[in-house]
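Novice: Here you go, one structure.
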Amino acid sequence: MPTRFFGAPIKRAEDPRLLTGHGRYVDDIDLPGQLHVAFLRSPLAHARIRSIDVSAARESPGVVAVWTYQDIGPCQRRMPLLIPHPDLTHPYTRYALAKDEVNHVGEPVAMVIAESRYAAEDALEAIAVEWEELPPVVDIERAVQPGAPLVHEELGTNVAAHYVGIVGDPERAFSEAAHVFRERLVIERSAGMPIETRAIVAVWKDEEDLLEVWDTTQAPIVIRNALAALFGLAPTQVRVIAPDVGGGFGCKIMVYPEEVLVPYAALVLKRPIKWTEDRLEHFVGTNHERLQIHEAEIAVDAEGRILGIRDRFLHDAGAYTPYGIIVPIITACQLPGPYKVPNYHVEFRAVYSNTVPVSPYRGAGRPHACFVMERLLDRVADELGLDRAEVRRRNFIQPHEFPYDVGLIFQDGAPTRYDSGNYPAMLDLLLQQMDYQRLLNEELPRLRAAGRYVGVGIACYVEGTGIGPYEGATVRVEPTGQVYVATGMPQQGQAHKTVLAQIVAEELQVPLEAVTVVEGDTAHFQFGSGTYASRSAVVCGSAVALAARKVREQGLALAAEELEVAVEDLVVEDGRVYVRGAPERGFTWAQIAQLANPLRYAYAGDLVVRPRPWTGPALPPGRQPALEATEYYSPPHATWASGAVGVLVEVDVETGQLVFHKLWVVHDCGTMINPLVVEGQVHGGIAQGIGGAFYEKLHYDENGQLLNASFMDFLMPTAMEIPRIEVAHQETPSPLNPLGVKGVGEAGAIPMPAVVAAAVEDALRPFGVRITRMPLDPDQLWRLTHPTEA
Amino acid sequence: MSAVGTERRTIRVEVNGVPYEREVEARLLLSDFLRHELGLTGTHVGCEHGVCGACTVLLDGEPVRSCLLFAVQVHGHRIETVEGLAPSEGELHPLQRAFWEKHGLQCGYCTPGMLMVLKAFLAEHPDPTEEEIREAISGNLCRCTGYQNIVEAARYAAELLRQR
């Protein structure tokens, strides 16, 4: 029997190092002779720079250099527009150091390079900037009004992009509907807030002609490519390593100013350069997400079946659009969720504001979409007197309707086409897990009779995961028997070293300890785009599987030739390839790797396999000296994970506090590689989703000052606020990839604003309130329950 | 211009049982001292304003935030960091074993702080309830795990420690 590695709840290979304090994060790297960088950042949201005087700062103790825009050579060009889109008609990216204007608080203006970070920060205080204040644009609804001040004067508008997507005949659907309901729905600004901030260490190695950079990035190959292009170096002259990275959640995928400036300083000053972001810098210097304002309406028939949806929304882009309009496009495409929406009109404007730029944060436009769709369905249920679960059941895409086309082009340029799923069974499983009927008919009435404000919510979601363009992997069996696996993807906690090893161990039937996964280092793998959009297991995992299968074929062919049997007569088991029924006739993988390589000089003088006499070239045409394959996997389009979540909450109407009594989730990410890791991802996503439902809101004032830029004021849930999460799994394998897997990274974050809104609204039925804005907080709940006093 | 706290002081401190003597600027944070002077980078820094708990170490056995202390303040004291937790190389502390077993970490960044807080907590609460564990780690933020498996790990660690 083959040993099953794939699908097993295997402990992570990553952990012993991390648990003993031997992880290696970027700030852990200190190189001899290293200099430190501190940035002067704009204190104003919108201003022209009249002058900058750095002369005093240059005299400050320990300072080696102080640079402004004038001093940064090739970095003087604008930062790249990473993802253009035809509807992004007015893109705008920044300069690495502000040239003559700043457009948000926190924008880098000057950099000090000194012998210590302490000395560099001392010198910041000696830089004198003369500002000419310009009117800030913060409120995006105001920003689209005629005569509003402009973030970028030369664009002539604050609208970066205007997108319209139409499916079917929405006008007709609305004119023929039995009921139409409208909602104005808002989801506020937030951010991923990894506990590790960003950091970069760069060194120019003269003796190797090599620029080496350690970067907390989710996309080292992207950074490598950008640096090579910017500095006119061959890609092989730039090595970017993302070592252990302390959480990403989307905000660490970008080409940030610091990511080019720190390496540039290493090139110019010929000394190692380090910059580690402090937490305040992170709040104002690392991308945010979330703020959208939706005007949505739903048309249904008399039974609550969806005839059409119209949604017009404003998306806050922040001050620049380096990541294009990925987030609102995902919102637009995913809004229909697991439901049939035959007629759909979606339209958004991405609007500039004098705030930190917006790029994906876990969920990336999906929590917004799910919030809108589920709020509309709850409204339909309540207006029509239907059970909220029943309305969903009436509108689900049915299992036989896959592949199902939503009718819009997704973020990756491919169709929004659901590949597989079983939404009715998923909801049934959730309701069963919740004991839904008993909850509604017995428990809620009992608790309410005791004067308690308890409520139940449910929400369903889909998630387009595993998008292209592609990822690749090299798998090689070494003549020592070790298996080397290299990929271009870094990790920020997703257990790649474990799950990718499981895939290889399964294919080659070798112990997990024999497999070493190397990732996040451009010296080991050159092509790929990075870790984002819940894609690693799907895209990279598939590439690893294809490469491992190729190596398996190579090994089988060699063994068959050597043993003079047919490939079909061989079995792969226990780390060996042998003749079926005659286990003594066979080879270990190490021996086969040695067979593959017609050595002149033995590795250690103890070759297990006797070299064969050569009857032609030592390596016949088509043969390579290594059991090795590099394969790429490129998905035809996203594969669609799904889930359903239920909560039982209680509102304390005296304090405005919200308590989660129960939280159930059914998740379907296709075939699971490692259930431990999948559950961990679901838990983490849900916790961040709860943050987005009741705690986490970045609060800008009208001057563009971020009022809560500290962990004292930007509240993230602690262990006290996150309830026990009961996870059940459903597995509908993806037909798109060789493993049947779907992504799971963002899943939990998606439905939480929607489900919390539903449950709180249910709890507060006696007050007749509607929840249309997320996140909530105690103050809002108190006002909702004390309308006359508020 | 002269910055405050640049005067240098000699401090003696015991870290994980090893005595150190160093001359440091008075303003040097304990977290920076441990990480960048002693090279003990297992202690992580997440916010530098005492909220996230990633930099937690034990000062004479009590958990403290090393980002809220200056190195000179621990002169003559005893510090324990995550590097000192395992009894020997190749052998894990029951807390470390439990975190590994229960998938109590993902990116690993908050983990050293969690481990040190729990070491002190379990010493005083050998058989804690879930609620007590949640309260004990409520000063430590984690963005990856949703805390559930950390709580599981803490319970399991308590069990392992009781068996010793």
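Labels for the structure tokens follow display order: chains A, B, ..., residues from 1 in each chain, ligands from 1.
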Should the cut-off be 6 Å, what would the residue list for chain B against chain A look like, counting only C-alpha atoms, as a PyMOL selection string?

Specialist: chain B and resi 41-42+46-47+82-83+96+106-109+134+138+141+144-147

Novice: Please provide as a PDB file with C-alpha atoms, in the first residue's frame all residues within 9 Å of segment 652-663 of chain A, with the sequence filter that same-chain residues fewer than 4 positions apart are discarded (counting only C-alpha atoms).

Specialist:
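Final file, out_39.pdb:
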ATOM      1  CA  MET A 434     -26.019  24.944  13.802  1.00  0.00           C
ATOM      2  CA  ARG A 452     -31.597  39.157  26.034  1.00  0.00           C
ATOM      3  CA  TYR A 453     -30.826  40.635  22.640  1.00  0.00           C
ATOM      4  CA  VAL A 645     -20.951  30.686   7.986  1.00  0.00           C
ATOM      5  CA  GLY A 646     -23.389  31.060  10.853  1.00  0.00           C
ATOM      6  CA  VAL A 647     -23.170  33.020  14.095  1.00  0.00           C
ATOM      7  CA  LEU A 648     -25.147  33.399  17.286  1.00  0.00           C
ATOM      8  CA  PHE A 694     -16.598  45.098  14.848  1.00  0.00           C
ATOM      9  CA  GLU A 721     -12.879  38.637  21.270  1.00  0.00           C
ATOM     10  CA  ILE A 722     -12.546  35.679  18.929  1.00  0.00           C
ATOM     11  CA  PRO A 723     -14.962  32.870  19.753  1.00  0.00           C
ATOM     12  CA  ARG A 724     -14.371  29.182  19.310  1.00  0.00           C
ATOM     13  CA  ILE A 725     -14.826  28.394  15.618  1.00  0.00           C
ATOM     14  CA  GLU A 726     -16.449  25.137  14.591  1.00  0.00           C
ATOM     15  CA  VAL A 727     -15.255  24.139  11.140  1.00  0.00           C
ATOM     16  CA  VAL A 760     -26.860  41.958  14.967  1.00  0.00           C
ATOM     17  CA  LEU A 764     -31.959  44.175  17.495  1.00  0.00           C
ATOM     18  CA  ASP A 777     -18.507  49.384  17.177  1.00  0.00           C
ATOM     19  CA  PRO A 778     -19.982  49.749  20.666  1.00  0.00           C
ATOM     20  CA  ASP A 779     -20.763  53.398  20.073  1.00  0.00           C
ATOM     21  CA  GLN A 780     -22.804  52.658  16.939  1.00  0.00           C
ATOM     22  CA  LEU A 781     -24.640  49.799  18.637  1.00  0.00           C
ATOM     23  CA  TRP A 782     -25.483  52.032  21.574  1.00  0.00           C
ATOM     24  CA  ARG A 783     -26.799  54.740  19.259  1.00  0.00           C
ATOM     25  CA  LEU A 784     -28.872  52.212  17.329  1.00  0.00           C
ATOM     26  CA  THR A 785     -30.488  51.057  20.550  1.00  0.00           C
ATOM     27  CA  HIS A 786     -30.889  54.550  22.044  1.00  0.00           C
TER      28      HIS A 786
END

Novice: Could you check which of A:Val284, A:Val26, A:Ile140, A:Val666 is closest to Leu40 of chain A, using only C-alpha atoms?

Specialist: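 With only C-alpha atoms as the atom set, the closest residue is A:Val284.
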
Novice: Need to verify the contact set: Ile150 of chain B, 8 Å, only C-alpha atoms, exclusion of same-chain residues closer than 6 positions in sequence. Can you return it as an MDAnalysis selection string?

Specialist: chainID B and resid 99 102:105

Novice: Taking the backbone alone, and naming residues the way the document does, which bits of segment 495-665 of chain A are helix (DSSP H, G or I) by DSSP, as number ranges by chain?

Specialist: A: 496-508, 512-514, 536-563, 567-569, 589-596

Novice: I'd like the contact shell of segment 57-63 of chain B - 8 Å cut-off, only C-alpha atoms, skipping same-chain residues fewer than 6 positions apart - returned as an MDAnalysis selection string.

Specialist: chainID B and resid 43 74 77:82 113 116:117 120

Novice: Could those residues be written to a file, using C-alpha atoms, as a PDB file, in the first residue's frame?

Specialist:
ATOM      1  CA  THR B  43      12.466  38.159  20.406  1.00  0.00           C
ATOM      2  CA  VAL B  74      17.736  45.578  33.405  1.00  0.00           C
ATOM      3  CA  HIS B  77      18.712  41.440  36.384  1.00  0.00           C
ATOM      4  CA  ARG B  78      17.914  38.110  34.787  1.00  0.00           C
ATOM      5  CA  ILE B  79      16.263  37.867  31.355  1.00  0.00           C
ATOM      6  CA  GLU B  80      14.792  34.827  29.644  1.00  0.00           C
ATOM      7  CA  THR B  81      14.041  34.809  25.931  1.00  0.00           C
ATOM      8  CA  VAL B  82      12.605  32.216  23.583  1.00  0.00           C
ATOM      9  CA  GLY B 113       5.931  36.422  22.814  1.00  0.00           C
ATOM     10  CA  MET B 116       7.091  33.498  27.041  1.00  0.00           C
ATOM     11  CA  VAL B 117       3.779  34.806  28.360  1.00  0.00           C
ATOM     12  CA  ALA B 120       5.020  32.446  33.168  1.00  0.00           C
TER      13      ALA B 120
END
